[in-house]
file upload_7.cif (mmCIF, C-alpha atoms)
data_coords
loop_
_atom_site.label_atom_id
_atom_site.label_comp_id
_atom_site.auth_asym_id
_atom_site.auth_seq_id
_atom_site.Cartn_x
_atom_site.Cartn_y
_atom_site.Cartn_z
CA MET A 53 94.29 106.68 96.61
CA ASP A 54 90.75 106.08 97.75
CA PHE A 55 90.14 103.43 100.39
CA GLY A 56 89.60 100.10 98.66
CA GLU A 57 91.29 101.12 95.41
CA ALA A 58 94.39 99.04 96.20
CA SER A 59 92.18 96.03 96.92
CA TYR A 60 90.46 96.43 93.54
CA TRP A 61 93.78 96.53 91.65
CA MET A 62 95.25 93.68 93.70
CA LYS A 63 92.33 91.46 92.70
CA LYS A 64 92.65 92.53 89.08
CA ALA A 65 96.41 91.89 89.05
CA GLU A 66 96.33 88.74 91.19
CA GLU A 67 97.33 86.28 88.45
CA ALA A 68 100.03 88.55 86.98
CA LEU A 69 101.50 89.18 90.44
CA TYR A 70 101.55 85.44 91.12
CA LYS A 71 103.51 84.90 87.88
CA LYS A 72 106.02 87.61 88.93
CA THR A 73 106.41 86.64 92.59
CA GLY A 74 105.28 83.04 92.98
CA LYS A 75 102.97 84.12 95.81
CA LYS A 76 99.26 84.76 96.15
CA MET A 77 99.11 88.29 97.54
CA PHE A 78 96.82 89.76 100.18
CA HIS A 79 94.35 92.13 98.48
CA GLY A 80 95.65 95.37 99.95
CA THR A 81 98.82 97.32 100.55
CA LEU A 82 100.79 98.47 103.55
CA ASN A 83 101.73 102.10 102.98
CA VAL A 84 105.06 103.01 104.54
CA GLU A 85 106.22 106.61 104.82
CA LEU A 86 109.99 107.11 104.79
CA LYS A 87 111.87 110.13 106.10
CA ARG A 88 113.35 110.74 102.65
CA ASP A 89 112.53 109.92 99.03
CA TYR A 90 113.28 106.44 97.75
CA ILE A 91 114.35 105.99 94.12
CA PHE A 92 114.20 102.45 92.72
CA GLU A 93 117.63 101.05 91.87
CA GLY A 94 119.07 97.63 91.08
CA ASN A 95 116.82 94.64 90.50
CA ILE A 96 113.43 95.87 89.38
CA ASP A 97 110.72 93.82 87.71
CA ILE A 98 108.02 95.43 85.57
CA MET A 99 104.43 94.28 85.27
CA HIS A 100 103.19 95.67 81.99
CA LYS A 101 99.65 97.02 81.86
CA GLU A 102 98.71 94.38 79.27
CA GLU A 103 99.67 91.64 81.76
CA TYR A 104 97.01 92.66 84.27
CA GLY A 105 94.52 94.77 82.32
CA GLY A 106 95.60 98.04 83.90
CA THR A 107 96.36 101.53 82.69
CA GLN A 108 99.96 101.87 83.93
CA GLU A 109 103.17 99.91 84.13
CA ILE A 110 103.88 98.67 87.67
CA TYR A 111 107.46 98.53 88.95
CA ILE A 112 108.15 95.81 91.50
CA LYS A 113 111.05 95.81 93.97
CA LYS A 114 111.72 92.99 96.44
CA CYS A 115 111.94 93.85 100.13
CA LYS A 116 111.39 92.39 103.59
CA VAL A 117 109.00 93.87 106.11
CA LEU A 118 109.45 92.64 109.66
CA GLY A 119 111.50 89.78 108.17
CA HIS A 120 108.69 88.74 105.79
CA ASP A 121 109.26 88.56 102.00
CA SER A 122 107.37 91.45 100.42
CA TYR A 123 107.36 93.72 97.37
CA ILE A 124 107.22 97.45 96.81
CA LEU A 125 104.88 98.49 93.99
CA ARG A 126 105.17 101.80 92.21
CA THR A 127 103.27 102.92 89.11
CA ASP A 128 105.07 104.50 86.19
CA LYS A 129 103.41 107.83 87.03
CA ASN A 130 104.70 107.66 90.60
CA MET A 131 108.17 106.70 89.33
CA SER A 132 108.25 109.98 87.40
CA LYS A 133 106.79 112.08 90.26
CA GLY A 134 103.56 112.59 88.33
CA GLY A 135 101.42 110.23 90.37
CA SER A 136 99.41 110.52 93.52
CA HIS A 137 102.16 109.30 95.87
CA PRO A 138 105.36 111.15 96.79
CA LEU A 139 108.65 109.25 96.45
CA ASN A 140 108.91 108.80 100.22
CA LEU A 141 105.69 106.74 100.32
CA LEU A 142 106.01 103.03 99.57
CA GLU A 143 103.09 100.74 98.76
CA ILE A 144 104.06 97.28 99.94
CA ILE A 145 102.36 93.99 99.13
CA SER A 146 102.81 90.54 100.57
CA ASP A 147 100.94 87.32 101.08
CA ILE A 148 99.89 88.44 104.57
CA ASN A 149 97.90 91.28 106.07
CA PHE A 150 100.59 93.09 108.10
CA ARG A 151 98.10 95.17 110.07
CA GLU A 152 96.32 92.07 111.35
CA LYS A 153 99.33 89.79 111.85
CA TYR A 154 101.45 92.38 113.70
CA ASN A 155 98.63 94.57 115.05
CA LEU A 156 100.09 97.57 113.22
CA LYS A 157 98.59 101.01 113.63
CA ASP A 158 99.22 104.27 111.75
CA GLU A 159 102.54 105.87 112.77
CA ASP A 160 104.05 102.55 113.98
CA GLU A 161 107.69 102.09 113.04
CA ILE A 162 108.65 98.88 111.24
CA GLN A 163 111.80 97.16 110.04
CA LEU A 164 112.16 97.39 106.25
CA GLU A 165 114.96 95.92 104.16
CA ILE A 166 115.08 96.71 100.40
CA PHE A 167 117.01 94.52 97.94
#
call {"tool": "encode", "arguments": {"input": "upload_7.cif", "output": "structure tokens"}}
result
Amino acid sequence: MDFGEASYWMKKAEEALYKKTGKKMFHGTLNVELKRDYIFEGNIDIMHKEEYGGTQEIYIKKCKVLGHDSYILRTDKNMSKGGSHPLNLLEIISDINFREKYNLKDEDEIQLEIF
């Protein structure tokens, strides 16, 4: 994903994400690389492309990052391994900018809990 692309889509999907989560999200994602692939299971919400004016369905999975309520987003192409992200890369959104609030840098380890 090109730098700034997540911000563009977050702005475009802002209202639909608010309806799904009840939170106004920061316009960017925190990308987290896991040591192994992660397959969505259990409670998953779907934001249909018509809801936000996009080109793909977005799967939403609740999680906590550093104890803060957050959500993992994955496009339908990435769910089927046909997208630009491998299954061990998670794009996480929240109502805060994690990099600023926690002074995170690339390669930092974080606490992540997935529901």
call {"tool": "resolve_selection", "arguments": {"input": "upload_7.cif", "expression": "the PyMOL selection byres ((chain A and resi 77-94) around 10)", "output": "PyMOL selection string"}}
result
chain A and resi 55-67+69-70+73-76+95-97+111-113+117+122-126+131-132+138-151+156+158-162+164+166-167
call {"tool": "atom_distance", "arguments": {"input": "upload_7.cif", "atom1": "atom CA of Ala68 of chain A", "atom2": "atom CA of Glu152 of chain A"}}
result
24.9 Å
call {"tool": "atom_distance", "arguments": {"input": "upload_7.cif", "atom1": "atom CA of His120 of chain A", "atom2": "atom CA of Lys71 of chain A"}}
result
19.0 Å
call {"tool": "atom_distance", "arguments": {"input": "upload_7.cif", "atom1": "atom CA of Gln108 of chain A", "atom2": "atom CA of Lys129 of chain A"}}
result
7.6 Å
call {"tool": "closest_residue", "arguments": {"input": "upload_7.cif", "among": "A:Asn155, A:Ser136, A:Asn130, A:Gln163", "to": "Leu118 of chain A", "atoms": "all atoms listed in the file"}}
result
A:Gln163
call {"tool": "closest_residue", "arguments": {"input": "upload_7.cif", "among": "A:Ile110, A:Met99, A:Gly119, A:Tyr104", "to": "Tyr154 of chain A", "atoms": "all atoms listed in the file"}}
result
A:Gly119
call {"tool": "axis_aligned_box", "arguments": {"input": "upload_7.cif", "around": "segment 85-89 of chain A", "padding_each_side": "3 Å", "output": "lines of an AutoDock Vina configuration file"}}
result
center_x = 109.8
center_y = 108.7
center_z = 102.6
size_x = 13.1
size_y = 10.1
size_z = 13.1
call {"tool": "build_atoms", "arguments": {"input": "upload_7.cif", "residues": "segment 61-97 of chain A", "atoms": "N, CA and C atoms", "output": "compact mmCIF listing (two decimals), keeping the file's coordinate frame"}}
result
# COMPACT_ATOMS: atom_id res chain seq x y z
N TRP A 61 92.68 96.79 92.58
CA TRP A 61 93.78 96.53 91.65
C TRP A 61 94.52 95.25 92.01
N MET A 62 94.60 94.92 93.30
CA MET A 62 95.25 93.68 93.70
C MET A 62 94.46 92.48 93.18
N LYS A 63 93.15 92.55 93.24
CA LYS A 63 92.33 91.46 92.70
C LYS A 63 92.50 91.36 91.20
N LYS A 64 92.51 92.49 90.53
CA LYS A 64 92.65 92.53 89.08
C LYS A 64 94.01 91.98 88.63
N ALA A 65 95.05 92.27 89.40
CA ALA A 65 96.41 91.89 89.05
C ALA A 65 96.86 90.59 89.71
N GLU A 66 95.96 89.91 90.39
CA GLU A 66 96.33 88.74 91.19
C GLU A 66 97.14 87.69 90.40
N GLU A 67 96.65 87.31 89.25
CA GLU A 67 97.33 86.28 88.45
C GLU A 67 98.69 86.77 87.95
N ALA A 68 98.76 88.00 87.47
CA ALA A 68 100.03 88.55 86.98
C ALA A 68 101.05 88.67 88.11
N LEU A 69 100.60 89.09 89.29
CA LEU A 69 101.50 89.18 90.44
C LEU A 69 102.00 87.81 90.86
N TYR A 70 101.14 86.81 90.79
CA TYR A 70 101.55 85.44 91.12
C TYR A 70 102.65 84.98 90.16
N LYS A 71 102.49 85.27 88.87
CA LYS A 71 103.51 84.90 87.88
C LYS A 71 104.84 85.60 88.17
N LYS A 72 104.79 86.84 88.65
CA LYS A 72 106.02 87.61 88.93
C LYS A 72 106.68 87.20 90.24
N THR A 73 105.87 86.85 91.25
CA THR A 73 106.41 86.64 92.59
C THR A 73 106.35 85.20 93.08
N GLY A 74 105.47 84.40 92.50
CA GLY A 74 105.28 83.04 92.98
C GLY A 74 104.43 82.96 94.23
N LYS A 75 103.79 84.08 94.61
CA LYS A 75 102.97 84.12 95.81
C LYS A 75 101.60 84.69 95.50
N LYS A 76 100.59 84.18 96.22
CA LYS A 76 99.26 84.76 96.15
C LYS A 76 99.22 85.90 97.17
N MET A 77 99.01 87.10 96.70
CA MET A 77 99.11 88.29 97.54
C MET A 77 97.80 88.63 98.25
N PHE A 78 97.95 89.18 99.45
CA PHE A 78 96.82 89.76 100.18
C PHE A 78 96.29 90.91 99.34
N HIS A 79 94.97 91.10 99.31
CA HIS A 79 94.35 92.13 98.48
C HIS A 79 94.33 93.48 99.19
N GLY A 80 95.49 94.05 99.34
CA GLY A 80 95.65 95.37 99.95
C GLY A 80 97.12 95.69 100.06
N THR A 81 97.43 96.91 100.42
CA THR A 81 98.82 97.32 100.55
C THR A 81 99.07 97.87 101.95
N LEU A 82 100.33 97.80 102.34
CA LEU A 82 100.79 98.47 103.55
C LEU A 82 101.55 99.70 103.07
N ASN A 83 101.05 100.87 103.39
CA ASN A 83 101.73 102.10 102.98
C ASN A 83 102.73 102.49 104.06
N VAL A 84 103.98 102.68 103.62
CA VAL A 84 105.06 103.01 104.54
C VAL A 84 105.63 104.36 104.13
N GLU A 85 105.68 105.28 105.08
CA GLU A 85 106.22 106.61 104.82
C GLU A 85 107.66 106.66 105.34
N LEU A 86 108.59 106.98 104.44
CA LEU A 86 109.99 107.11 104.79
C LEU A 86 110.32 108.56 105.12
N LYS A 87 111.44 108.77 105.78
CA LYS A 87 111.87 110.13 106.10
C LYS A 87 112.44 110.86 104.90
N ARG A 88 112.83 110.11 103.88
CA ARG A 88 113.35 110.74 102.65
C ARG A 88 112.85 109.96 101.43
N ASP A 89 112.97 110.56 100.26
CA ASP A 89 112.53 109.92 99.03
C ASP A 89 113.30 108.62 98.78
N TYR A 90 112.62 107.68 98.16
CA TYR A 90 113.28 106.44 97.75
C TYR A 90 113.15 106.30 96.24
N ILE A 91 114.29 106.18 95.57
CA ILE A 91 114.35 105.99 94.12
C ILE A 91 114.70 104.53 93.87
N PHE A 92 113.92 103.85 93.04
CA PHE A 92 114.20 102.45 92.72
C PHE A 92 115.55 102.33 92.03
N GLU A 93 116.34 101.36 92.48
CA GLU A 93 117.63 101.05 91.87
C GLU A 93 117.80 99.54 91.88
N GLY A 94 118.73 99.05 91.06
CA GLY A 94 119.07 97.63 91.08
C GLY A 94 118.01 96.77 90.44
N ASN A 95 117.76 95.63 91.05
CA ASN A 95 116.82 94.64 90.50
C ASN A 95 115.39 95.12 90.61
N ILE A 96 114.82 95.41 89.46
CA ILE A 96 113.43 95.87 89.38
C ILE A 96 112.72 95.02 88.34
N ASP A 97 111.54 94.54 88.67
CA ASP A 97 110.72 93.82 87.71
C ASP A 97 109.61 94.78 87.28
